[in-house]
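Engineer: Before we start, here is the structure in question, set down as structure tokens.
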Amino acid sequence: MRSDDTIFAIASGHGRAAVCLIRISGPESRLILERMADGVPQPRRAVVRTLRDPATGDPLDQALVLWMPGPGSFTGEDQAELHIHGGLATRAAVLRTLSSVVNCRPAEAGEFTRRAFLNGRMDLSQVEGLADIIDAETEAQRRQAMLQLGGRLGNAAEGWRESILQVLALLEASLDFSDEGDVPEDLEADILRMIDGVEGEIGRALANRSGERLREGLTVVLAGPPNAGKSTLLNALAQRDVAIVSPIAGTTRDVIEVHCDLGGLPVVIVDTAGLRESTDLIEQEGVSRARARAQDADLVLWLVPPDGEESAPPPARRLLKVGTKADLRQPGHGCDIMIAAATGEGLPELIAHLEAEAASLMGQGDAVITRERHRKALDRAQGCLIRTRDMLASRGPLELAAEEARLAARAIGEITGRVDVEDVLDRLFSSFCIGK
Ligand SMILES: Nc1nc2c(c(=O)[nH]1)N(C=O)[C@@H](CNc1ccc(C(=O)N[C@@H](CCC(=O)O)C(=O)O)cc1)CN2
Ligand SMILES: Nc1nc2c(ncn2[C@@H]2O[C@H](COP(=O)(O)OP(=O)(O)OP(=O)(O)O)[C@@H](O)[C@H]2O)c(=O)[nH]1
Ligand SMILES: [Mg+2]
């Protein structure tokens, strides 16, 4: 895809709408406004203009028109916006005219933001923050994404990288100026202290996994024998009729996911097939999917019906034993919590428990890293730093210590996209919607 093309896209949602935003970026943006909108307005001043087909003079729509010249614009190049009426035919007419009056083409997913990145308007960690803002479903996710867009991770990474480059400069100076090929003693102490400082900060960032959990959402799997009341509980938690409930054992076969907002925290509740030996091929598949999801879950709610005490839970990282159909049984069972999803009994307690669990795993909102990509880069950087330090401390070859420091700086550079991130870019931008 050529990056000097002029691109356009509908940046607002599709379907029937009050207003539709058409976004344009690239060198022909000015020409588009001259031909279709009777000239170029003052920069960043919204004006109402009649859009026309320049070939016929035909009025297409009344639009709010914006001119945002580069390099200060979002993409770093000339941009225009047409806020038109939302009708389907209006949209079609404006888009058709756009591609016929000047040389321009529809944008790819994330292409506006890709240009902003390529033009140095934002670093890669900020681009990820922007992607997370679009995908945020809860308040805590939105906050975290805003902090990343604001540069919290990018600034930290740049700071670490600068410190490592300082270490590297001192190592290289020692290489050049010392006859013995080692570091002067007082300098060595300084270098070791600097390495320890950066390594410690990176270690603290790595120790906090709540950012990744918050971005992904906490996965809670409902598992148990058939008829335990899993789907009834899912419907109660979702507050809508998502899953089929019936007195027939083996009703649920597919995995059903519902995204919930528990006090601003994202929790994905997963209903699964009741676990039992079955000769039915479809049910067997459902049961094996249920086991797989339980194994991966952050938390499994193991639902035990009044007559189901003998069944054994599947392997799970964390498991809460929930007695169901409390209305049908005597109190006093070996369960962590008792509910009757059909009547609502015990649900506030269960929800409070889930909220507390979610808060303890992702509630602080103070995590610097939010993706596995960041974790992998920092892990590598930390390994390199530790090798740099060990090499120095054991009077190993200075060249090798310097090389490890160089690799550490490179690994950190991947976070902001300073170094080889081509493969990351394609994946990231394709996760955006068209028009972003
Ligand atoms: N209509 C509209 N709304 C939008 C956007 C947009 O592009 N268009 N955004 C896009 O995703 C977000 C806002 N982000 C933006 C960031 C920078 C600039 C921009 O052109 N800045 C110029 C001018 C600033 C000024 O001086 O007023 C600059 O930084 O120089 C625009 C939007 C969300 N809302
Ligand atoms: N009395 C009573 N009945 C319940 C309660 N919860 C569920 N049931 C009934 O138990 C039966 C099974 O409920 P489901 O929610 O379909 O059970 P399930 O665990 O999803 O079952 P499978 O999908 O077959 O694994 C239905 O008839 C429900 O109405 C409850 O709290 N009290
Ligand atoms: Mg079910």
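Just remember, in the structure tokens the first chain shown is A, the second B, etc., residues are 1-based per chain, and ligands are 1-based in the order shown.
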Listing only residues of chain A within 12 Å of ligand 1, what is the closest atom pair and its distance in Å (to one decimal) for each, using only C-alpha atoms and all ligand atoms, sorted by chain and residue number ascending, as CSV?

Structural biologist:
residue,atom,partner,partner_atom_place_in_ligand_line,distance
A:Ala9,CA,ligand 1,7 (O),11.6
A:Ile10,CA,ligand 1,8 (N),11.2
A:Ala11,CA,ligand 1,8 (N),8.4
A:Ser12,CA,ligand 1,1 (N),9.3
A:Val19,CA,ligand 1,1 (N),11.3
A:Cys20,CA,ligand 1,1 (N),10.3
A:Leu21,CA,ligand 1,1 (N),7.2
A:Ile22,CA,ligand 1,1 (N),9.0
A:Arg23,CA,ligand 1,7 (O),7.5
A:Ile24,CA,ligand 1,7 (O),9.6
A:Ser25,CA,ligand 1,7 (O),10.1
A:Gln42,CA,ligand 1,27 (O),11.8
A:Pro43,CA,ligand 1,23 (C),8.5
A:Arg44,CA,ligand 1,27 (O),6.3
A:Arg45,CA,ligand 1,27 (O),9.1
A:Ala46,CA,ligand 1,1 (N),10.0
A:Leu64,CA,ligand 1,1 (N),10.2
A:Val65,CA,ligand 1,1 (N),9.9
A:Leu66,CA,ligand 1,1 (N),8.4
A:Trp67,CA,ligand 1,20 (O),9.0
A:Met68,CA,ligand 1,20 (O),5.7
A:Pro69,CA,ligand 1,20 (O),7.9
A:Gly70,CA,ligand 1,30 (O),7.7
A:Pro71,CA,ligand 1,30 (O),7.3
A:Gly72,CA,ligand 1,30 (O),3.4
A:Ser73,CA,ligand 1,20 (O),3.5
A:Phe74,CA,ligand 1,17 (C),4.1
A:Thr75,CA,ligand 1,20 (O),7.6
A:Gly76,CA,ligand 1,20 (O),8.1
A:Glu77,CA,ligand 1,20 (O),9.4
A:Asp78,CA,ligand 1,20 (O),9.3
A:Gln79,CA,ligand 1,20 (O),7.9
A:Ala80,CA,ligand 1,8 (N),9.1
A:Glu81,CA,ligand 1,1 (N),7.0
A:Leu82,CA,ligand 1,1 (N),8.9
A:His83,CA,ligand 1,1 (N),8.1
A:Ile84,CA,ligand 1,1 (N),11.7
A:Gly110,CA,ligand 1,11 (O),10.5
A:Glu111,CA,ligand 1,11 (O),11.4
A:Phe112,CA,ligand 1,11 (O),8.4
A:Thr113,CA,ligand 1,11 (O),7.8
A:Arg114,CA,ligand 1,11 (O),11.5
A:Arg115,CA,ligand 1,11 (O),11.7
A:Ala116,CA,ligand 1,17 (C),9.7
A:Arg121,CA,ligand 1,29 (O),8.7
A:Met122,CA,ligand 1,16 (C),10.4
A:Val127,CA,ligand 1,11 (O),10.6
A:Gly129,CA,ligand 1,11 (O),12.0
A:Leu130,CA,ligand 1,11 (O),8.4
A:Ala131,CA,ligand 1,11 (O),10.6
A:Ile133,CA,ligand 1,33 (C),10.6
A:Ile134,CA,ligand 1,11 (O),10.1
A:Leu149,CA,ligand 1,14 (N),11.0
A:Gly150,CA,ligand 1,16 (C),12.0
A:Phe432,CA,ligand 1,11 (O),11.7
A:Cys433,CA,ligand 1,11 (O),11.7
A:Ile434,CA,ligand 1,11 (O),11.9
A:Gly435,CA,ligand 1,11 (O),9.0
A:Lys436,CA,ligand 1,11 (O),6.4

Engineer: Please report, as CSV, each residue of chain A lying at most 8 Å from ligand 2, together with the nearest pair of atoms and the separation in Å rounded to one decimal; use only C-alpha atoms and all ligand atoms, and order rows by chain and ascending residue number.

Structural biologist:
residue,atom,partner,partner_atom_place_in_ligand_line,distance
A:Ala223,CA,ligand 2,19 (O),7.7
A:Gly224,CA,ligand 2,19 (O),6.6
A:Pro225,CA,ligand 2,25 (O),6.1
A:Pro226,CA,ligand 2,25 (O),3.4
A:Asn227,CA,ligand 2,21 (O),3.4
A:Ala228,CA,ligand 2,19 (O),3.8
A:Gly229,CA,ligand 2,17 (O),3.4
A:Lys230,CA,ligand 2,19 (O),3.7
A:Ser231,CA,ligand 2,20 (O),3.7
A:Thr232,CA,ligand 2,15 (O),3.7
A:Leu233,CA,ligand 2,15 (O),6.5
A:Leu234,CA,ligand 2,15 (O),7.9
A:Ala243,CA,ligand 2,20 (O),8.0
A:Ile244,CA,ligand 2,16 (O),6.5
A:Val245,CA,ligand 2,16 (O),3.5
A:Ser246,CA,ligand 2,16 (O),4.5
A:Pro247,CA,ligand 2,27 (O),3.6
A:Ile248,CA,ligand 2,24 (O),6.1
A:Ala249,CA,ligand 2,24 (O),4.0
A:Gly250,CA,ligand 2,24 (O),3.4
A:Thr251,CA,ligand 2,24 (O),3.8
A:Thr252,CA,ligand 2,23 (O),3.6
A:Arg253,CA,ligand 2,23 (O),6.9
A:Asp271,CA,ligand 2,20 (O),7.5
A:Thr272,CA,ligand 2,25 (O),7.0
A:Ala273,CA,ligand 2,25 (O),4.8
A:Gly274,CA,ligand 2,25 (O),3.4
A:Leu275,CA,ligand 2,25 (O),7.1
A:Leu303,CA,ligand 2,19 (O),7.7
A:Thr324,CA,ligand 2,31 (O),5.8
A:Lys325,CA,ligand 2,31 (O),3.5
A:Ala326,CA,ligand 2,31 (O),6.2
A:Asp327,CA,ligand 2,32 (N),5.7
A:Leu328,CA,ligand 2,1 (N),5.7
A:Ile339,CA,ligand 2,31 (O),6.6
A:Ala340,CA,ligand 2,31 (O),3.2
A:Ala341,CA,ligand 2,31 (O),4.1
A:Ala342,CA,ligand 2,31 (O),4.0
A:Thr343,CA,ligand 2,31 (O),6.0
A:Gly344,CA,ligand 2,31 (O),7.5
A:Glu345,CA,ligand 2,31 (O),7.8

Engineer: Restrict the selected residues to C-alpha atoms and save them as a short mmCIF file (atom, residue, chain, number, x, y, z; two decimals), in the first residue's frame.

Structural biologist:
data_model
loop_
_atom_site.label_atom_id
_atom_site.label_comp_id
_atom_site.auth_asym_id
_atom_site.auth_seq_id
_atom_site.Cartn_x
_atom_site.Cartn_y
_atom_site.Cartn_z
CA ALA A 223 -18.45 -25.67 34.90
CA GLY A 224 -20.23 -28.58 36.51
CA PRO A 225 -22.27 -31.68 35.85
CA PRO A 226 -25.25 -31.46 33.47
CA ASN A 227 -28.33 -29.74 34.92
CA ALA A 228 -26.28 -28.08 37.68
CA GLY A 229 -27.79 -24.72 36.72
CA LYS A 230 -24.84 -23.22 34.80
CA SER A 231 -26.90 -21.65 32.03
CA THR A 232 -29.45 -20.38 34.56
CA LEU A 233 -26.60 -18.64 36.41
CA LEU A 234 -25.18 -17.22 33.16
CA ALA A 243 -28.41 -19.47 26.98
CA ILE A 244 -31.11 -22.13 26.66
CA VAL A 245 -32.17 -23.56 30.02
CA SER A 246 -34.03 -26.87 30.27
CA PRO A 247 -34.49 -29.78 32.67
CA ILE A 248 -32.89 -32.07 30.08
CA ALA A 249 -29.29 -32.93 31.00
CA GLY A 250 -26.90 -31.99 28.19
CA THR A 251 -28.75 -28.89 26.98
CA THR A 252 -25.65 -26.70 26.47
CA ARG A 253 -23.03 -27.92 24.02
CA ASP A 271 -21.06 -21.08 30.06
CA THR A 272 -20.05 -24.61 29.07
CA ALA A 273 -21.47 -28.08 28.46
CA GLY A 274 -22.12 -30.16 31.58
CA LEU A 275 -19.20 -32.52 32.21
CA LEU A 303 -21.35 -25.64 40.17
CA THR A 324 -26.73 -24.46 43.28
CA LYS A 325 -30.51 -24.70 43.73
CA ALA A 326 -30.27 -23.62 47.36
CA ASP A 327 -34.08 -23.51 47.37
CA LEU A 328 -34.17 -27.29 46.92
CA ILE A 339 -26.93 -19.79 45.32
CA ALA A 340 -30.32 -20.30 43.77
CA ALA A 341 -29.96 -18.64 40.39
CA ALA A 342 -33.65 -19.25 39.68
CA THR A 343 -34.73 -17.10 42.66
CA GLY A 344 -31.71 -14.78 42.89
CA GLU A 345 -30.74 -16.04 46.33
#

Engineer: Based on the backbone DSSP call, show me all residues of region 73-292 of chain A assigned alpha helix (DSSP H), as a VMD selection string.

Structural biologist: chain A and resid 88 to 101 111 to 118 124 to 135 139 to 149 152 to 177 185 to 207 210 to 216 230 to 238 281 to 292

Engineer: Write out the residues from the selection above, keeping C-alpha atoms, as a CSV table (one decimal), in the first residue's frame.

Structural biologist:
chain,number,residue,atom,x,y,z
A,88,LEU,CA,-27.1,5.5,2.8
A,89,ALA,CA,-27.6,7.2,-0.6
A,90,THR,CA,-25.9,10.4,0.5
A,91,ARG,CA,-22.9,8.4,1.7
A,92,ALA,CA,-22.7,6.5,-1.5
A,93,ALA,CA,-23.0,9.7,-3.7
A,94,VAL,CA,-20.2,11.5,-1.7
A,95,LEU,CA,-17.9,8.5,-1.8
A,96,ARG,CA,-18.5,7.8,-5.5
A,97,THR,CA,-17.8,11.5,-6.3
A,98,LEU,CA,-14.6,11.5,-4.1
A,99,SER,CA,-13.0,8.6,-6.0
A,100,SER,CA,-14.0,10.1,-9.4
A,101,VAL,CA,-12.8,13.8,-8.9
A,111,GLU,CA,-4.2,3.3,7.8
A,112,PHE,CA,-4.8,6.8,9.2
A,113,THR,CA,-3.1,5.8,12.5
A,114,ARG,CA,-0.4,4.0,10.6
A,115,ARG,CA,0.4,7.3,8.9
A,116,ALA,CA,0.4,9.1,12.2
A,117,PHE,CA,3.0,6.5,13.4
A,118,LEU,CA,5.1,6.6,10.3
A,124,LEU,CA,4.0,2.3,18.8
A,125,SER,CA,2.9,2.0,22.5
A,126,GLN,CA,0.6,5.0,21.9
A,127,VAL,CA,-0.9,3.4,18.8
A,128,GLU,CA,-1.6,0.3,20.9
A,129,GLY,CA,-3.2,2.6,23.5
A,130,LEU,CA,-5.4,4.1,20.8
A,131,ALA,CA,-6.4,0.5,19.7
A,132,ASP,CA,-7.3,-0.2,23.3
A,133,ILE,CA,-9.4,2.9,23.6
A,134,ILE,CA,-11.5,1.8,20.7
A,135,ASP,CA,-11.9,-1.7,22.2
A,139,GLU,CA,-14.2,2.2,32.7
A,140,ALA,CA,-11.0,0.7,34.1
A,141,GLN,CA,-10.0,-0.4,30.6
A,142,ARG,CA,-10.6,3.1,29.2
A,143,ARG,CA,-8.5,4.7,31.9
A,144,GLN,CA,-5.6,2.3,31.3
A,145,ALA,CA,-5.8,2.9,27.5
A,146,MET,CA,-5.8,6.7,28.0
A,147,LEU,CA,-2.7,6.4,30.2
A,148,GLN,CA,-0.9,4.4,27.5
A,149,LEU,CA,-2.0,6.9,24.8
A,152,ARG,CA,3.1,6.3,30.3
A,153,LEU,CA,4.6,3.1,28.8
A,154,GLY,CA,6.4,4.9,26.0
A,155,ASN,CA,8.0,7.4,28.4
A,156,ALA,CA,9.1,4.6,30.7
A,157,ALA,CA,10.6,2.7,27.9
A,158,GLU,CA,12.4,5.7,26.5
A,159,GLY,CA,13.8,6.4,30.0
A,160,TRP,CA,15.1,2.9,30.4
A,161,ARG,CA,16.6,3.0,26.9
A,162,GLU,CA,18.4,6.3,27.6
A,163,SER,CA,19.9,4.9,30.8
A,164,ILE,CA,21.1,1.7,29.0
A,165,LEU,CA,22.6,3.9,26.2
A,166,GLN,CA,24.5,5.8,28.9
A,167,VAL,CA,25.8,2.5,30.3
A,168,LEU,CA,26.8,1.6,26.8
A,169,ALA,CA,28.6,4.9,26.2
A,170,LEU,CA,30.6,4.4,29.4
A,171,LEU,CA,31.5,0.8,28.4
A,172,GLU,CA,32.6,1.9,24.9
A,173,ALA,CA,34.6,4.8,26.4
A,174,SER,CA,36.4,2.3,28.6
A,175,LEU,CA,37.0,0.1,25.6
A,176,ASP,CA,38.6,3.0,23.8
A,177,PHE,CA,40.6,4.6,26.5
A,185,GLU,CA,37.2,0.9,39.3
A,186,ASP,CA,35.2,4.0,40.3
A,187,LEU,CA,33.5,4.0,37.0
A,188,GLU,CA,32.6,0.3,37.3
A,189,ALA,CA,30.7,0.9,40.6
A,190,ASP,CA,28.7,3.7,38.8
A,191,ILE,CA,27.9,1.4,35.8
A,192,LEU,CA,26.8,-1.4,38.1
A,193,ARG,CA,24.6,0.9,40.0
A,194,MET,CA,23.0,2.2,36.8
A,195,ILE,CA,22.4,-1.3,35.5
A,196,ASP,CA,20.9,-2.4,38.8
A,197,GLY,CA,18.6,0.7,38.8
A,198,VAL,CA,17.2,0.0,35.3
A,199,GLU,CA,17.0,-3.7,35.8
A,200,GLY,CA,15.1,-3.2,39.1
A,201,GLU,CA,12.5,-0.9,37.4
A,202,ILE,CA,12.0,-3.3,34.5
A,203,GLY,CA,11.7,-6.1,37.0
A,204,ARG,CA,8.9,-4.2,38.9
A,205,ALA,CA,7.1,-3.5,35.6
A,206,LEU,CA,7.3,-7.2,34.7
A,207,ALA,CA,6.1,-8.3,38.2
A,210,SER,CA,-2.7,-6.7,36.1
A,211,GLY,CA,-2.3,-4.5,33.0
A,212,GLU,CA,-2.5,-7.5,30.7
A,213,ARG,CA,-5.4,-9.0,32.7
A,214,LEU,CA,-7.3,-5.7,32.6
A,215,ARG,CA,-6.8,-5.4,28.8
A,216,GLU,CA,-8.0,-9.0,28.2
A,230,LYS,CA,-24.8,-23.2,34.8
A,231,SER,CA,-26.9,-21.6,32.0
A,232,THR,CA,-29.4,-20.4,34.6
A,233,LEU,CA,-26.6,-18.6,36.4
A,234,LEU,CA,-25.2,-17.2,33.2
A,235,ASN,CA,-28.6,-15.7,32.3
A,236,ALA,CA,-28.9,-14.3,35.8
A,237,LEU,CA,-25.4,-12.7,35.7
A,238,ALA,CA,-25.9,-11.4,32.2
A,281,LEU,CA,-20.5,-37.0,19.4
A,282,ILE,CA,-21.7,-33.4,19.6
A,283,GLU,CA,-21.9,-33.5,23.4
A,284,GLN,CA,-18.4,-35.1,23.6
A,285,GLU,CA,-17.1,-32.1,21.6
A,286,GLY,CA,-18.9,-29.7,24.0
A,287,VAL,CA,-17.4,-31.5,27.0
A,288,SER,CA,-13.9,-31.3,25.7
A,289,ARG,CA,-14.3,-27.6,24.9
A,290,ALA,CA,-15.6,-27.1,28.4
A,291,ARG,CA,-12.5,-28.8,29.9
A,292,ALA,CA,-10.2,-26.8,27.7

Engineer: Pick out the closest residue to Phe8 (chain A) from this set: A:Gly363, A:Arg105, A:Gly86, A:Arg35. Count only C-alpha atoms.

Structural biologist: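 Going through A:Gly363, A:Arg105, A:Gly86, A:Arg35 one by one, the smallest distance to Phe8 (chain A) is for A:Arg105.
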
Engineer: Env of Cys260 (chain A): 10 Å cut, atoms = only C-alpha atoms, seq-sep filter 3 positions within chain, self excluded. Answer as a VMD selection string.

Structural biologist: chain A and resid 137 to 138 217 to 218 237 to 239 257 263 to 269

Engineer: Output C-alpha atoms for every residue in the selection just made, as a PDB file, in the first residue's frame.

Structural biologist:
ATOM      1  CA  GLU A 137     -15.581  -1.992  27.227  1.00  0.00           C
ATOM      2  CA  THR A 138     -15.254  -0.832  30.817  1.00  0.00           C
ATOM      3  CA  GLY A 217     -10.680  -9.181  30.827  1.00  0.00           C
ATOM      4  CA  LEU A 218     -10.904 -11.812  33.534  1.00  0.00           C
ATOM      5  CA  LEU A 237     -25.406 -12.688  35.694  1.00  0.00           C
ATOM      6  CA  ALA A 238     -25.943 -11.364  32.158  1.00  0.00           C
ATOM      7  CA  GLN A 239     -29.443 -10.162  33.120  1.00  0.00           C
ATOM      8  CA  GLU A 257     -19.473 -16.069  26.358  1.00  0.00           C
ATOM      9  CA  GLY A 263     -17.603  -2.344  39.001  1.00  0.00           C
ATOM     10  CA  GLY A 264     -15.753  -1.050  35.932  1.00  0.00           C
ATOM     11  CA  LEU A 265     -13.730  -4.223  35.519  1.00  0.00           C
ATOM     12  CA  PRO A 266     -14.171  -6.491  32.497  1.00  0.00           C
ATOM     13  CA  VAL A 267     -15.180 -10.071  33.270  1.00  0.00           C
ATOM     14  CA  VAL A 268     -15.995 -12.611  30.573  1.00  0.00           C
ATOM     15  CA  ILE A 269     -18.420 -15.228  31.891  1.00  0.00           C
TER      16      ILE A 269
END

Engineer: Please report the interatomic distance between CA of Glu399 (chain A) and CA of Ala411 (chain A) in Å with one decimal.

Structural biologist: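 Here the two named atoms are 18.5 Å from each other.
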